[in-house]
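Enquirer: Here it is: the structure, laid out below.
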Amino acid sequence: MSDRAALLKGIRAWLVFFVVCLVLSGATAFPLVHELRWTEDLLRALSVPEHLPALMDWIVRVRQGLDVVDAEYPFVLYGTDWLAFAHLVIAVAFYGPYRDPVRNIWVVEFAMIACAGIIPLALICGPIRGIPFWWSVLDMSFGVFGVIPLYVVRRKIKRLEALTAPNAWAVAAT
């Protein structure tokens with residue numbers, strides 16, 4: 001296998017990994033009410049309330065809030081449906097870099113900027129919305145961990161670009 005083919009294969013594998021994570025992250029925003037009920041039941045079965053009471057209190061509070069919203073104001077949950085849809089749409093954008101990584105590197109760079117933007121969003125909006133700081137740290141980890149595969153992909157794309165670019169130095173020297 002040539003260097004170019006190996007790089008392309010690696011780029012595509014990392015992109016598929018990132019897209020799968022993005023889709024899973026988005027898809028979990030659709031059934032929030034049921035997910036929180038299942039999460040609460042699971043945490044109780046694992047004795048989490050005894051070991052991490054703050055986590056359990058937070059999960060119970062969020063689940064209770066979602067139950068009220070679902071029962072009395074279900075239209076508010078439409079916002080999380082749009083959040084899920086946005087994840088799916090963004091995932092589709094990665095077809096460009098999958099098909100032609102060098103030409104569509106901007107999608108990867110855009111996603112890296114979005115990952116960086118998670119940190120100020122969590123630090124600013126978390127306190128405004130009454131989110132515990134430790135939960136905001138968890139939210140920020142999505143940006144930190146999300147940028148890792150993107151960084152790897154960007155480096156591989158730059159190497160692929162260097163392999164496939166016309167030899168500008170040879171042309172300039174003549």
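Starting from 1 in every chain, residues are counted up; chains themselves are A, B, ... following the order of the structure tokens, and ligands are numbered from 1 as listed.
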Which residues, written as a VMD selection string, have at least one atom at most 12 Å from Ala165 in chain A, with only C-alpha atoms counted and residues fewer than 6 positions away on the same chain left out?

Expert: chain A and resid 4 102 to 103 157 to 159 171

Enquirer: To one decimal place, how far is CA of Trp135 in chain A from CA of Phe110 in chain A in Å?

Expert: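 Going from CA of Trp135 in chain A over to CA of Phe110 in chain A, I get 25.2 Å.
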
Enquirer: Which polymer residues have any atom within 12 Å of an atom of Val89 in chain A, counting only C-alpha atoms, with same-chain residues fewer than 5 positions away left out, as a ChimeraX atom specification?

Expert: /A:19,22-23,26-27,82-84,94-95

Enquirer: Compile the contact shell of Phe30 in chain A as an NGL selection string: residues with an atom at most 12 Å away, counting only C-alpha atoms, same-chain residues fewer than 3 positions apart removed.

Expert: :A and (23-27 or 33-36 or 77-88)

Enquirer: Record the distance separating CA of Ile113 in chain A and CA of Leu160 in chain A, expressed in Å with one decimal.

Expert: 21.6 Å
